[in-house]
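This report concerns only the one structure given below.
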Amino acid sequence: MPSVKSVLVRATLLLFAVDSAAQQPLSVYPPGLLVDRAPNELRPYVLPKNSGQPIRTLNDISRLAVTGNSSAGSFTVMQVASLQQDAPSVAPHLHKRHYENFYCNKGRVQLWSQLNGTDNVKQTRILQPGDFGAVAHNHIHAFHMLEPDTVFTVVIQPGGFEQFLIDIADDMYESEIGSAFRPIKESPRPFPALDVAIQDRYDSWPIGGHVLRDDAVDGIAGFGNWHNGSNELATDSKTAFYIAKNWGPKYLNSEGGAYKIIAPLTTAATSAGNLTMGSITMSPLLTNLTASEVTLPDHTTMLAEEGRLVIRIQNETAVLADGDIVFIPGGTTFSYWALAAATKFMYIGAGPDGLASRLIENSIPWEFASYPQYSP
């Protein structure tokens, strides 16, 4: 049985450790990379959580993390925050030239999709945190916020689609204290009437009279599994699909003395070679090891979700926590590693040869959501 003195010593050390951790900021933003808006030119940058130009359309606040300008037209990344709503945020519509990808970060959001045509199956899923839906060209889709505090990330390829939202916005939702959304519920209103030239310019085509199915059971209506069996990515770029958290394909990489679980959500095959996207969960880098450097041919974004992610670019080091974003132009050398166990981030890359593609080349198929017990 330990002595009273040893118990007091351990308690003192524990309190010191907790206090030390409390003194250490979760995020560290180097001045040379820090911005509060996506730049209008191609350059590396770090954007803190709840930053980015905030566009308000009714109850939804869309913060622009990556724009057509900041990515040289490669892709747009928006984080959409809102309260629970009584109806879908947007009327059913489709895009002929843009891929749209939805990833739920918080709360629940219902997503519908159907390939345009009356004989095609209507699909819907209720996305929870970590769930994903990909909407291909010519698919009718809409979404509906279901929880009082819902956030999801939208990745659109190619970039520049945000200009449509800016042009139809009610206003810009500025909050110096970081309010996620306006705590006022407004009634839905009809989709704005657009003439054909405007629809073509913005590639946003409302589908009048389309009825969204309302028969979801256990978060799904349509074919396939949902949180009760494996999900597969589409094998082409013409098919919409859904991946539940941890139910899609996964790969384990052990290069450089740290584990990485790669969970692809969008690949070169599903985006016609234009985009890769997914999540990576990492073990901490041991103190006697150094993270290897990476240089990718195309632009890359990382969105921190869990733990603490370190990014080193051009001799500047950033520490990212939940909701922070980094953008890295193609051809820029960088390194990245985890400070905390099970650090997870979303990766988004232009082109077919992104971060995950290279990691998967030297990985093994992996069944589990956790990496092995001991270091590689």
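Naming scheme: A, B, ... for chains in displayed order of the structure tokens; residues 1 onward per chain; ligands 1 onward as shown.
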
Under the rule of at most 12 Å, produce a per-residue listing of region 21-114 of chain A near region 267-274 of chain A: chain, number, name, the closest pair of atoms, and the distance in Å, as JSON lines, using only C-alpha atoms.
```
{"residue": "A:Gly73", "atom": "CA", "partner": "A:Asn274", "partner_atom": "CA", "distance": 11.4}
{"residue": "A:Ser74", "atom": "CA", "partner": "A:Asn274", "partner_atom": "CA", "distance": 8.2}
{"residue": "A:Phe75", "atom": "CA", "partner": "A:Asn274", "partner_atom": "CA", "distance": 9.1}
{"residue": "A:Arg97", "atom": "CA", "partner": "A:Ser271", "partner_atom": "CA", "distance": 11.3}
{"residue": "A:His98", "atom": "CA", "partner": "A:Ser271", "partner_atom": "CA", "distance": 9.8}
{"residue": "A:Tyr99", "atom": "CA", "partner": "A:Ser271", "partner_atom": "CA", "distance": 7.3}
{"residue": "A:Glu100", "atom": "CA", "partner": "A:Ser271", "partner_atom": "CA", "distance": 9.9}
{"residue": "A:Asn101", "atom": "CA", "partner": "A:Ser271", "partner_atom": "CA", "distance": 10.3}
```

Please produce a file of the residues just selected, as a PDB file, in the first residue's frame, where the atoms kept are C-alpha atoms.
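The resulting out05.pdb:
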```pdb
ATOM      1  CA  GLY A  73      -9.327  27.404 -59.433  1.00  0.00           C
ATOM      2  CA  SER A  74      -8.681  23.893 -58.091  1.00  0.00           C
ATOM      3  CA  PHE A  75     -11.426  23.585 -55.476  1.00  0.00           C
ATOM      4  CA  ARG A  97     -19.854  20.823 -64.143  1.00  0.00           C
ATOM      5  CA  HIS A  98     -19.162  20.691 -60.388  1.00  0.00           C
ATOM      6  CA  TYR A  99     -18.566  17.778 -58.025  1.00  0.00           C
ATOM      7  CA  GLU A 100     -19.924  18.445 -54.535  1.00  0.00           C
ATOM      8  CA  ASN A 101     -18.802  16.524 -51.455  1.00  0.00           C
TER       9      ASN A 101
END
```

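The smallest atom-to-atom distance between Gly130 (chain A) and any of A:Ile360, A:Ile198, A:Ile207, A:Val109, using only C-alpha atoms, is found for A:Val109.
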
Residues near Gln373 (chain A), cut-off 12 Å, only C-alpha atoms, skip fewer than 4 positions along chain, as a tab-separated table (two decimals) with N, CA and C atoms, in the first residue's frame:
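The resulting result-v2.tsv:
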```tsv
chain	number	residue	atom	x	y	z
A	258	ALA	N	5.70	6.29	-37.42
A	258	ALA	CA	4.37	6.64	-36.90
A	258	ALA	C	3.32	5.96	-37.78
A	259	TYR	N	2.25	5.54	-37.15
A	259	TYR	CA	1.15	4.93	-37.90
A	259	TYR	C	0.26	6.01	-38.50
A	283	SER	N	-0.66	8.23	-35.21
A	283	SER	CA	-0.08	8.10	-33.89
A	283	SER	C	0.96	9.20	-33.69
A	341	ALA	N	-2.20	11.54	-29.35
A	341	ALA	CA	-2.64	10.24	-29.83
A	341	ALA	C	-3.90	10.39	-30.68
A	342	ALA	N	-3.99	9.54	-31.71
A	342	ALA	CA	-5.17	9.50	-32.58
A	342	ALA	C	-5.52	10.87	-33.15
```

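Shortest atom-to-atom contact with Asn362 (chain A) among A:Asp203, A:Glu174, A:Asp131, A:Glu255: A:Glu255, counting only C-alpha atoms.
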
Per-residue DSSP, region 56-292 of chain A, filtered to strand (DSSP E), as a PyMOL selection string | chain A and resi 56-57+60-66+76-82+93-94+99-106+109-115+123-127+132-135+139-145+150-157+171-172+205-206+220-221+241-243+251-253+260-266+275-282
